[in-house]
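S.K.: If you scroll down you'll find the structure; I have some questions about it.
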Amino acid sequence: MRFRTLGRRHDATPGPRVSTLCLGTMPFGTRVDEATCFAILDRFVERGGTFVDTANCYSFWEAGAHGGDSEEVIGRWMAARGNRDEIVLATKAGARPAGPGVWPANAEGLSAEALRAGVEGSLRRLGTDRVDVLFGHIEDRATPQTDTVEGFGALVADGTVGIVGASNQATWRIERARSLARERGLAGYTCVQQQYTYLRPKPGATFGTGEHVTPELLDYARAEKADLTLLAYTPLLSGAYTNPAKPLPAQFDHPGATAQLAALREVTRETGATAGQVVLAWLLGGDPQIIPVIGASGLAQLDESLDALDVQLTQDQRDRLDQAG
């Protein structure tokens with residue numbers, strides 16, 4: 001495993017040291033049973049992983065779920081293993097349904113009150129007194145950003161949260177929130193988690209309440225890399241790179257992607273790695289360097305992703321991947 005520092009705190013001290021691959025746990029407790037979840041978490045730690053990502057809403061949309069299922073499984077695993085202090089634990093607030101109505105209109109949002117209530121629920125489910133990273137999960141344009149910034153700042157100030165980040169938010173709003181935090185001497189976003197993969201989405205593609213990394217965000221992350229870290233979720237497109245039975249999501253099905261896939265197949269043959277491993281190596285070695293959030297429903301999938309750390313792309317291979325399409 002390799003490690004890096006996650007952002008930099010508002011007092012200029014380094015953020016937490018994390019594994020360069022983060023384990024995403026969205027299906028834990030719903031589509032992945034508890035015994036398998038424990039086995040995946042155990043293997044991740046055995047192989048040096050320290051960074052685990054969840055959310056207070058995972059996965060309320062699944063049959064029989066209530067939201068918070070993933071956090072509960074992780075909490076039971078940490079209690080069973082006694083390893084809370086060895087894990088850098090990230091969760092998210094803002095997207096959990098709160099009251100009647102249709103989601104996302106009834107999402108809890110990012111007010112200071114909602115953030116506090118959301119984290120308190122997460123702490124109960126996780127069985128801990130703190131979270132190391134708290135992300136604002138989706139946009140909330142009904143709440144003034146000053147309220148959101150002050151809410152995050154208060155959680156960091158009282159030790160409930162280590163550092164804060166944004167997920168699924170527009171670049172201009174991320175910058176505005178960071179500026180507001182600086183003006184007030186509060187903890188601001190030091191990491192951003194958006195959907196990102198090797199394939200570029202077609203022009204005009206939308207992702208519902210999600211946000212895909214844009215060229216503007218990449219440029220911003222390069223300029224701010226001293227205190228801002230970019231994380232990529234769904235980097236492997238849920239297996240579409242390697243499983244012929246899984247079609248590409250519609251947002252990535254276009255002629256440019258065809259050329260990119262041809263370049264990816266070429267580099268895959270040259271390296272002897274799988275297509276997914278090449279994609280992860282491409283993310284890890286780029287500028288800015290990105291932390292992929294990898295998912296797994298079994299040990300074989302997890303091991304394949306972790307083995308991507310052994311894949312080294314040459315500059316020529318990287319150039320061909322970048323220039324394709």
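Going through the structure tokens in order, the chains are called A, B, and so on, while each chain numbers its residues from 1 and the ligands are numbered from 1 in the order shown.
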Which residues of range 108-160 of chain A come within 12 Å of range 16-40 of chain A, and what is each one's closest atom pair and distance in Å (one decimal), counting only C-alpha atoms, sorted by chain and residue number, as JSON lines?
M.R.:
{"residue": "A:Val131", "atom": "CA", "partner": "A:Pro16", "partner_atom": "CA", "distance": 11.6}
{"residue": "A:Asp132", "atom": "CA", "partner": "A:Pro16", "partner_atom": "CA", "distance": 7.9}
{"residue": "A:Val133", "atom": "CA", "partner": "A:Pro16", "partner_atom": "CA", "distance": 9.0}
S.K.: Any chance you can output those residues with C-alpha atoms as an mmCIF file, in the first residue's frame?
M.R.:
data_model
loop_
_atom_site.group_PDB
_atom_site.id
_atom_site.type_symbol
_atom_site.label_atom_id
_atom_site.label_comp_id
_atom_site.auth_asym_id
_atom_site.auth_seq_id
_atom_site.Cartn_x
_atom_site.Cartn_y
_atom_site.Cartn_z
ATOM 1 C CA VAL A 131 -15.472 11.014 12.200
ATOM 2 C CA ASP A 132 -12.182 11.826 10.536
ATOM 3 C CA VAL A 133 -13.718 13.264 7.350
#
S.K.: Determine which residues of range 65-295 of chain A receive a DSSP assignment of alpha helix (DSSP H), computed from the backbone, and state them as an MDAnalysis selection string.
M.R.: chainID A and resid 69:81 112:126 145:157 171:184 215:223 255:271 275:284
S.K.: Residues of range 122-302 of chain A classed as strand (DSSP E or B) by DSSP on the backbone are to be reported as a VMD selection string.
M.R.: chain A and resid 131 to 136 161 to 167 189 to 195 212 229 to 233 290 to 294
S.K.: Report as an mmCIF file with C-alpha atoms, in the first residue's frame all protein, DNA and RNA residues lying within 9 Å of Thr271 in chain A, evaluated on only C-alpha atoms, omitting residues in the same chain fewer than 6 positions from it.
M.R.:
data_model
loop_
_atom_site.group_PDB
_atom_site.id
_atom_site.type_symbol
_atom_site.label_atom_id
_atom_site.label_comp_id
_atom_site.auth_asym_id
_atom_site.auth_seq_id
_atom_site.Cartn_x
_atom_site.Cartn_y
_atom_site.Cartn_z
ATOM 1 C CA VAL A 278 -4.897 0.516 -15.777
ATOM 2 C CA VAL A 311 0.919 -1.186 -12.231
ATOM 3 C CA GLN A 312 3.299 1.507 -13.443
ATOM 4 C CA LEU A 313 2.420 3.373 -16.626
#
S.K.: Using only C-alpha atoms, what does the table of range 124-227 of chain A residues within 10 Å of range 231-239 of chain A look like, with each row giving the shortest atom pair and its distance in Å to one decimal, sorted by chain and ascending number, as CSV?
M.R.:
residue,atom,partner,partner_atom,distance
A:Ser167,CA,A:Leu231,CA,9.2
A:Cys191,CA,A:Leu231,CA,7.3
A:Val192,CA,A:Leu231,CA,6.0
A:Gln193,CA,A:Leu231,CA,4.5
A:Gln194,CA,A:Ala232,CA,5.4
A:Gln195,CA,A:Tyr233,CA,4.7
A:Tyr196,CA,A:Ala232,CA,5.0
A:Thr197,CA,A:Pro235,CA,4.4
A:Tyr198,CA,A:Pro235,CA,7.4
A:Leu199,CA,A:Leu237,CA,9.3
A:His212,CA,A:Ala232,CA,8.9
A:Val213,CA,A:Ala232,CA,8.1
S.K.: If I take CA of Ala142 in chain A and CA of Leu110 in chain A, how far is one from the other in Å, to one decimal?
M.R.: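 CA of Leu110 in chain A lies at a distance of 8.9 Å from CA of Ala142 in chain A.
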S.K.: If we count only C-alpha atoms and set the cut-off at 10 Å, which residues sit around Ala324 in chain A, ignoring sequence neighbours fewer than 6 positions away in its own chain? Please answer as a ChimeraX atom specification.
M.R.: /A:199,256-264
S.K.: Taking all heavy atoms for each residue, export the selection above as a PDB file, in the first residue's frame.
M.R.:
ATOM      1  N   LEU A 199     -12.801   7.387 -18.888  1.00  0.00           N
ATOM      2  CA  LEU A 199     -13.632   7.858 -19.997  1.00  0.00           C
ATOM      3  C   LEU A 199     -14.219   9.228 -19.689  1.00  0.00           C
ATOM      4  O   LEU A 199     -14.668   9.492 -18.573  1.00  0.00           O
ATOM      5  CB  LEU A 199     -14.765   6.869 -20.273  1.00  0.00           C
ATOM      6  CG  LEU A 199     -14.379   5.500 -20.839  1.00  0.00           C
ATOM      7  CD1 LEU A 199     -15.632   4.675 -21.082  1.00  0.00           C
ATOM      8  CD2 LEU A 199     -13.581   5.647 -22.127  1.00  0.00           C
ATOM      9  N   GLY A 256     -16.117   9.424 -28.975  1.00  0.00           N
ATOM     10  CA  GLY A 256     -14.852   9.705 -28.297  1.00  0.00           C
ATOM     11  C   GLY A 256     -14.468   8.600 -27.339  1.00  0.00           C
ATOM     12  O   GLY A 256     -13.290   8.247 -27.205  1.00  0.00           O
ATOM     13  N   ALA A 257     -15.461   8.029 -26.676  1.00  0.00           N
ATOM     14  CA  ALA A 257     -15.197   6.937 -25.746  1.00  0.00           C
ATOM     15  C   ALA A 257     -14.689   5.702 -26.479  1.00  0.00           C
ATOM     16  O   ALA A 257     -13.875   4.946 -25.948  1.00  0.00           O
ATOM     17  CB  ALA A 257     -16.460   6.610 -24.960  1.00  0.00           C
ATOM     18  N   THR A 258     -15.155   5.491 -27.709  1.00  0.00           N
ATOM     19  CA  THR A 258     -14.689   4.355 -28.501  1.00  0.00           C
ATOM     20  C   THR A 258     -13.185   4.436 -28.721  1.00  0.00           C
ATOM     21  O   THR A 258     -12.454   3.440 -28.573  1.00  0.00           O
ATOM     22  CB  THR A 258     -15.412   4.300 -29.851  1.00  0.00           C
ATOM     23  OG1 THR A 258     -16.824   4.195 -29.621  1.00  0.00           O
ATOM     24  CG2 THR A 258     -14.949   3.113 -30.680  1.00  0.00           C
ATOM     25  N   ALA A 259     -12.701   5.633 -29.040  1.00  0.00           N
ATOM     26  CA  ALA A 259     -11.265   5.823 -29.234  1.00  0.00           C
ATOM     27  C   ALA A 259     -10.504   5.658 -27.916  1.00  0.00           C
ATOM     28  O   ALA A 259      -9.416   5.077 -27.881  1.00  0.00           O
ATOM     29  CB  ALA A 259     -11.007   7.205 -29.828  1.00  0.00           C
ATOM     30  N   GLN A 260     -11.077   6.156 -26.844  1.00  0.00           N
ATOM     31  CA  GLN A 260     -10.422   5.985 -25.549  1.00  0.00           C
ATOM     32  C   GLN A 260     -10.338   4.514 -25.155  1.00  0.00           C
ATOM     33  O   GLN A 260      -9.315   4.060 -24.627  1.00  0.00           O
ATOM     34  CB  GLN A 260     -11.189   6.762 -24.471  1.00  0.00           C
ATOM     35  CG  GLN A 260     -10.963   8.265 -24.491  1.00  0.00           C
ATOM     36  CD  GLN A 260     -11.560   8.908 -23.250  1.00  0.00           C
ATOM     37  OE1 GLN A 260     -12.767   9.134 -23.182  1.00  0.00           O
ATOM     38  NE2 GLN A 260     -10.719   9.169 -22.263  1.00  0.00           N
ATOM     39  N   LEU A 261     -11.391   3.774 -25.404  1.00  0.00           N
ATOM     40  CA  LEU A 261     -11.381   2.354 -25.061  1.00  0.00           C
ATOM     41  C   LEU A 261     -10.349   1.588 -25.881  1.00  0.00           C
ATOM     42  O   LEU A 261      -9.714   0.645 -25.388  1.00  0.00           O
ATOM     43  CB  LEU A 261     -12.773   1.756 -25.260  1.00  0.00           C
ATOM     44  CG  LEU A 261     -13.821   2.164 -24.223  1.00  0.00           C
ATOM     45  CD1 LEU A 261     -15.204   1.706 -24.650  1.00  0.00           C
ATOM     46  CD2 LEU A 261     -13.477   1.592 -22.847  1.00  0.00           C
ATOM     47  N   ALA A 262     -10.156   1.992 -27.130  1.00  0.00           N
ATOM     48  CA  ALA A 262      -9.135   1.347 -27.965  1.00  0.00           C
ATOM     49  C   ALA A 262      -7.745   1.587 -27.371  1.00  0.00           C
ATOM     50  O   ALA A 262      -6.915   0.665 -27.305  1.00  0.00           O
ATOM     51  CB  ALA A 262      -9.212   1.874 -29.391  1.00  0.00           C
ATOM     52  N   ALA A 263      -7.482   2.812 -26.926  1.00  0.00           N
ATOM     53  CA  ALA A 263      -6.194   3.112 -26.292  1.00  0.00           C
ATOM     54  C   ALA A 263      -6.042   2.339 -24.987  1.00  0.00           C
ATOM     55  O   ALA A 263      -4.957   1.836 -24.671  1.00  0.00           O
ATOM     56  CB  ALA A 263      -6.084   4.611 -26.034  1.00  0.00           C
ATOM     57  N   LEU A 264      -7.127   2.230 -24.236  1.00  0.00           N
ATOM     58  CA  LEU A 264      -7.075   1.495 -22.982  1.00  0.00           C
ATOM     59  C   LEU A 264      -6.770   0.018 -23.225  1.00  0.00           C
ATOM     60  O   LEU A 264      -5.948  -0.581 -22.510  1.00  0.00           O
ATOM     61  CB  LEU A 264      -8.408   1.653 -22.247  1.00  0.00           C
ATOM     62  CG  LEU A 264      -8.545   0.928 -20.909  1.00  0.00           C
ATOM     63  CD1 LEU A 264      -7.516   1.426 -19.911  1.00  0.00           C
ATOM     64  CD2 LEU A 264      -9.961   1.112 -20.348  1.00  0.00           C
TER      65      LEU A 264
END
S.K.: Can you tell me which residues surround range 98-105 of chain A at a distance of at most 8 Å, considering only C-alpha atoms, apart from same-chain residues fewer than 3 positions away, and format the answer as a ChimeraX atom specification?
M.R.: /A:95,108,209
S.K.: Residues as selected, all heavy atoms, written as a short mmCIF file (atom, residue, chain, number, x, y, z; two decimals), in the first residue's frame, can you do that?
M.R.:
data_model
loop_
_atom_site.label_atom_id
_atom_site.label_comp_id
_atom_site.auth_asym_id
_atom_site.auth_seq_id
_atom_site.Cartn_x
_atom_site.Cartn_y
_atom_site.Cartn_z
N ALA A 95 -27.77 14.15 2.26
CA ALA A 95 -28.62 13.49 1.27
C ALA A 95 -29.64 12.55 1.89
O ALA A 95 -30.50 12.03 1.18
CB ALA A 95 -27.78 12.72 0.25
N GLU A 108 -32.10 15.95 3.76
CA GLU A 108 -31.87 16.71 4.99
C GLU A 108 -31.18 18.05 4.74
O GLU A 108 -31.38 19.01 5.49
CB GLU A 108 -31.04 15.88 5.97
CG GLU A 108 -29.65 15.55 5.45
CD GLU A 108 -28.96 14.46 6.27
OE1 GLU A 108 -29.26 14.31 7.47
OE2 GLU A 108 -28.11 13.75 5.70
N THR A 209 -28.29 13.89 -9.14
CA THR A 209 -27.75 14.70 -8.03
C THR A 209 -26.23 14.60 -7.95
O THR A 209 -25.62 15.27 -7.12
CB THR A 209 -28.35 14.25 -6.69
OG1 THR A 209 -28.08 12.86 -6.51
CG2 THR A 209 -29.85 14.50 -6.66
#
S.K.: Which residue gives the smallest distance to His10 in chain A among A:Glu211, A:Glu72, A:Glu175, A:Asp227, with only C-alpha atoms counted?
M.R.: A:Asp227
S.K.: With distances taken over only C-alpha atoms, which of A:Asp319, A:Asp53, A:Glu62, A:Glu71 is nearest to Ala90 in chain A?
M.R.: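 Comparing A:Asp319, A:Asp53, A:Glu62, A:Glu71 against Ala90 in chain A, the winner is A:Asp53.
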S.K.: Nearest to Gly94 in chain A: which of A:Ala117, A:Ala79, A:Ala275, A:Val73 is it, counting only C-alpha atoms?
M.R.: A:Ala117
